[in-house]
file data.cif (mmCIF, C-alpha atoms)
data_coords
loop_
_atom_site.label_atom_id
_atom_site.label_comp_id
_atom_site.auth_asym_id
_atom_site.auth_seq_id
_atom_site.Cartn_x
_atom_site.Cartn_y
_atom_site.Cartn_z
CA MET A 1 8.93 28.28 -1.21
CA LEU A 2 6.38 28.36 1.63
CA ASP A 3 4.53 31.19 -0.13
CA GLN A 4 4.26 29.05 -3.26
CA ILE A 5 2.80 26.14 -1.30
CA ILE A 6 0.25 28.42 0.40
CA THR A 7 -0.69 29.98 -2.96
CA TRP A 8 -1.12 26.50 -4.46
CA LEU A 9 -3.27 25.34 -1.51
CA ALA A 10 -5.44 28.47 -1.76
CA SER A 11 -6.03 27.82 -5.47
CA LEU A 12 -7.39 24.30 -4.98
CA GLU A 13 -11.08 23.86 -5.78
CA PHE A 14 -13.76 21.32 -4.89
CA TRP A 15 -12.75 18.95 -7.70
CA SER A 16 -9.25 18.74 -6.19
CA TRP A 17 -10.79 17.17 -3.10
CA TRP A 18 -12.70 14.70 -5.28
CA ILE A 19 -9.51 13.70 -7.09
CA LEU A 20 -7.72 13.28 -3.75
CA GLY A 21 -10.65 11.19 -2.50
CA LEU A 22 -10.55 8.99 -5.60
CA ILE A 23 -6.78 8.47 -5.25
CA LEU A 24 -7.19 7.52 -1.59
CA VAL A 25 -9.99 5.05 -2.36
CA ILE A 26 -7.84 3.48 -5.10
CA LEU A 27 -4.96 3.21 -2.58
CA GLU A 28 -7.34 1.31 -0.31
CA VAL A 29 -7.23 -1.60 -2.76
CA PHE A 30 -3.53 -2.06 -2.00
CA ALA A 31 -3.69 -1.37 1.76
CA PRO A 32 -4.30 -4.06 4.41
CA SER A 33 -6.80 -1.97 6.39
CA THR A 34 -9.62 0.50 5.78
CA ILE A 35 -7.77 3.73 6.67
CA PHE A 36 -7.53 5.05 3.09
CA LEU A 37 -11.22 4.34 2.50
CA TRP A 38 -12.28 6.69 5.28
CA LEU A 39 -9.74 9.32 4.25
CA GLY A 40 -11.05 9.13 0.68
CA ILE A 41 -14.66 9.45 1.80
CA SER A 42 -13.69 12.39 4.01
CA ALA A 43 -11.99 14.11 1.07
CA GLY A 44 -15.13 13.55 -1.02
CA ILE A 45 -17.31 15.09 1.69
CA VAL A 46 -15.01 18.12 1.95
CA GLY A 47 -15.22 18.40 -1.86
CA VAL A 48 -19.03 18.54 -1.67
CA ILE A 49 -18.86 21.15 1.10
CA ALA A 50 -16.30 23.18 -0.90
CA TRP A 51 -18.63 22.99 -3.92
CA ILE A 52 -21.58 24.25 -1.83
CA ALA A 53 -19.47 26.91 -0.08
CA PRO A 54 -16.80 27.92 -2.64
CA ASP A 55 -15.58 30.87 -0.54
CA MET A 56 -14.42 28.63 2.32
CA ARG A 57 -10.75 29.25 3.08
CA TRP A 58 -8.30 26.41 2.45
CA GLU A 59 -7.29 26.30 6.13
CA TYR A 60 -10.88 25.52 7.15
CA GLN A 61 -11.15 22.89 4.41
CA TRP A 62 -8.10 21.06 5.76
CA ILE A 63 -9.34 21.35 9.34
CA LEU A 64 -12.73 20.01 8.22
CA PHE A 65 -10.99 17.17 6.38
CA ALA A 66 -8.99 16.25 9.50
CA VAL A 67 -12.06 16.34 11.77
CA ILE A 68 -14.20 14.26 9.38
CA ALA A 69 -11.38 11.77 8.77
CA ILE A 70 -10.59 11.26 12.46
CA GLY A 71 -14.28 11.05 13.32
CA SER A 72 -15.10 8.55 10.58
CA ILE A 73 -12.13 6.33 11.45
CA ALA A 74 -13.03 6.39 15.15
CA ILE A 75 -16.69 5.60 14.47
CA SER A 76 -15.81 2.76 12.10
CA ARG A 77 -13.42 1.24 14.67
CA LEU A 78 -16.08 1.40 17.39
CA PHE A 79 -18.69 -0.11 15.08
CA LEU A 80 -16.41 -2.94 13.95
CA ARG A 81 -15.40 -3.68 17.53
CA LYS A 82 -19.06 -4.06 18.55
CA HIS A 83 -20.12 -5.82 15.32
CA PRO A 84 -17.26 -8.01 14.12
CA GLY A 85 -17.72 -9.61 10.73
CA VAL A 86 -18.70 -13.23 10.43
CA GLU A 87 -15.90 -15.42 9.19
CA ASP A 88 -17.02 -17.57 6.31
CA ASN A 89 -14.39 -20.25 6.79
CA THR A 90 -13.40 -20.71 10.41
CA THR A 91 -11.45 -23.91 9.62
CA LEU A 92 -9.15 -22.28 7.07
CA ASN A 93 -5.65 -23.75 7.44
CA GLN A 94 -7.12 -26.50 9.65
CA ARG A 95 -7.88 -29.01 6.95
CA GLY A 96 -8.22 -31.98 9.29
CA VAL A 97 -11.10 -30.37 11.22
CA GLN A 98 -13.41 -30.83 8.23
CA TYR A 99 -13.08 -34.62 8.59
CA VAL A 100 -14.34 -34.79 12.19
CA GLY A 101 -17.49 -36.90 12.30
CA ARG A 102 -16.81 -38.63 8.96
CA HIS A 103 -16.15 -42.33 8.46
CA PHE A 104 -13.15 -43.70 6.58
CA THR A 105 -11.60 -47.10 5.94
CA LEU A 106 -8.14 -47.86 7.32
CA THR A 107 -5.59 -48.36 4.54
CA GLU A 108 -2.93 -49.49 7.02
CA PRO A 109 -3.66 -51.15 10.37
CA ILE A 110 -3.41 -49.18 13.58
CA LEU A 111 -0.48 -50.71 15.45
CA ASN A 112 0.74 -49.27 18.74
CA GLY A 113 -1.85 -46.51 18.37
CA ARG A 114 -0.81 -45.31 14.86
CA GLY A 115 -2.12 -46.11 11.40
CA LYS A 116 -3.23 -44.50 8.12
CA ILE A 117 -6.37 -43.72 6.18
CA HIS A 118 -6.84 -42.47 2.64
CA VAL A 119 -8.95 -39.29 2.31
CA ASP A 120 -9.55 -38.01 -1.20
CA ASP A 121 -6.01 -37.73 -2.62
CA THR A 122 -4.13 -37.67 0.70
CA GLN A 123 -2.85 -40.21 3.20
CA TRP A 124 -3.54 -39.17 6.79
CA ALA A 125 -1.87 -40.55 9.87
CA VAL A 126 -4.37 -41.61 12.50
CA GLU A 127 -4.25 -42.36 16.19
CA GLY A 128 -6.59 -44.72 17.95
CA PRO A 129 -6.99 -48.23 19.32
CA ASP A 130 -5.25 -51.06 17.44
CA LEU A 131 -7.39 -52.14 14.46
CA GLU A 132 -6.90 -54.14 11.27
CA ALA A 133 -6.61 -52.56 7.80
CA GLY A 134 -9.99 -52.34 6.09
CA GLU A 135 -11.93 -51.50 9.24
CA VAL A 136 -14.17 -48.42 9.21
CA VAL A 137 -13.26 -45.67 11.66
CA ASN A 138 -14.90 -42.44 12.75
CA VAL A 139 -12.76 -39.29 13.04
CA THR A 140 -13.38 -37.78 16.48
CA GLY A 141 -10.71 -35.09 16.64
CA VAL A 142 -7.54 -33.59 15.25
CA ASP A 143 -4.10 -33.12 16.79
CA GLY A 144 -2.10 -31.06 14.28
CA THR A 145 -1.83 -33.31 11.22
CA LEU A 146 -2.88 -36.42 13.12
CA LEU A 147 -6.52 -37.52 13.00
CA ILE A 148 -7.92 -39.10 16.17
CA VAL A 149 -10.18 -42.06 15.32
CA GLU A 150 -12.32 -44.69 16.97
CA PRO A 151 -13.87 -47.82 15.47
CA VAL A 152 -17.38 -47.58 14.10
CA THR A 153 -19.60 -49.92 16.05
CA LYS A 154 -21.79 -52.13 13.91
CA ASN A 155 -25.42 -52.39 14.97
#

call {"tool": "encode", "arguments": {"input": "data.cif", "output": "structure tokens"}}
result
Amino acid sequence: MLDQIITWLASLEFWSWWILGLILVILEVFAPSTIFLWLGISAGIVGVIAWIAPDMRWEYQWILFAVIAIGSIAISRLFLRKHPGVEDNTTLNQRGVQYVGRHFTLTEPILNGRGKIHVDDTQWAVEGPDLEAGEVVNVTGVDGTLLIVEPVTKN
């Protein structure tokens, strides 16, 4: 059995590495990290080297694959640690934060520090000084699902 595996490994050619690389890159689509991407790229590089040097033994090809894969993963981790990506929506899952600084009209009065405003299609509970319904308030902060408001001063 082991002899059959070794014979099969020795018979692999450069295009086998390219197929392996393509399979690994396709797997990357379903994986939550970038590990398969770097493994796929490493397999592609070994395929190019095996195409240029077709007499390279299979043991050296696998060693080369391991070295390139480990090196590329390590370099990508270092690069991403020093250059983290910019998040395009830092308030994701913090819907109330987008209302800070905006003015709204109270739909229910603020009594004992609690009231309600209507924002788009949603009623929001608010906290602030006691005010009558219909007054305009400014959202100054968020506490979970509670908007912190203050009255808008009229000039």

call {"tool": "residues_around", "arguments": {"input": "data.cif", "residues": "range 71-80 of chain A", "least_positions_apart": "6", "cutoff": "9 Å", "atoms": "all atoms listed in the file", "output": "PyMOL selection string"}}
result
chain A and resi 34-35+38-39+41-42

call {"tool": "residues_near_point", "arguments": {"input": "data.cif", "point": "(-5.7, 11.9, 2.4)", "cutoff": "10 Å", "atoms": "only C-alpha atoms", "output": "ChimeraX atom specification"}}
result
/A:17,20-25,35-43,65-66,69

call {"tool": "atom_distance", "arguments": {"input": "data.cif", "atom1": "CA of Thr153 in chain A", "atom2": "CA of Arg95 in chain A"}}
result
25.6 Å

call {"tool": "residues_around", "arguments": {"input": "data.cif", "residues": "Val142 in chain A", "least_positions_apart": "4", "cutoff": "10 Å", "atoms": "only C-alpha atoms", "output": "list in words"}}
result
Gln94, Arg95, Gly96, Val97, Gln98, Tyr99, Val100, Val126, Glu127, Leu146, Leu147, Ile148 and Val149 of chain A

call {"tool": "atom_distance", "arguments": {"input": "data.cif", "atom1": "CA of Val137 in chain A", "atom2": "CA of Pro151 in chain A"}}
result
4.4 Å

call {"tool": "closest_residue", "arguments": {"input": "data.cif", "among": "A:Asp120, A:Glu132, A:Glu108, A:Glu13", "to": "Met56 in chain A", "atoms": "only C-alpha atoms"}}
result
A:Glu13

call {"tool": "closest_residue", "arguments": {"input": "data.cif", "among": "A:Gln61, A:Gly47, A:Val152, A:Pro109", "to": "Asn138 in chain A", "atoms": "only C-alpha atoms"}}
result
A:Val152

call {"tool": "axis_aligned_box", "arguments": {"input": "data.cif", "around": "range 46-65 of chain A", "padding_each_side": "6 Å", "output": "lines of an AutoDock Vina configuration file"}}
result
center_x = -14.4
center_y = 24.0
center_z = 2.7
size_x = 26.3
size_y = 25.7
size_z = 25.3

call {"tool": "atom_distance", "arguments": {"input": "data.cif", "atom1": "CA of Ile110 in chain A", "atom2": "CA of Val139 in chain A"}}
result
13.6 Å

call {"tool": "closest_residue", "arguments": {"input": "data.cif", "among": "A:Ala50, A:Leu27, A:Leu64, A:Trp58", "to": "Trp8 in chain A", "atoms": "all atoms listed in the file"}}
result
A:Trp58

call {"tool": "residues_near_point", "arguments": {"input": "data.cif", "point": "(-17.0, 22.2, -5.9)", "cutoff": "10 Å", "atoms": "all atoms listed in the file", "output": "number ranges by chain"}}
result
A: 12-18, 46-54

call {"tool": "resolve_selection", "arguments": {"input": "data.cif", "expression": "the PyMOL selection byres ((chain A and resi 123) around 12)", "output": "list in words"}}
result
Gly96, Phe104, Thr105, Leu106, Thr107, Glu108, Gly115, Lys116, Ile117, His118, Val119, Asp120, Asp121, Thr122, Trp124, Ala125, Val126, Thr145, Leu146 and Leu147 of chain A

call {"tool": "closest_residue", "arguments": {"input": "data.cif", "among": "A:Val29, A:Ile70, A:Gly101, A:Arg57", "to": "Ser11 in chain A", "atoms": "all atoms listed in the file"}}
result
A:Arg57

call {"tool": "resolve_selection", "arguments": {"input": "data.cif", "expression": "the PyMOL selection byres ((chain A and resi 112) around 8)", "output": "count of residues only"}}
result
6
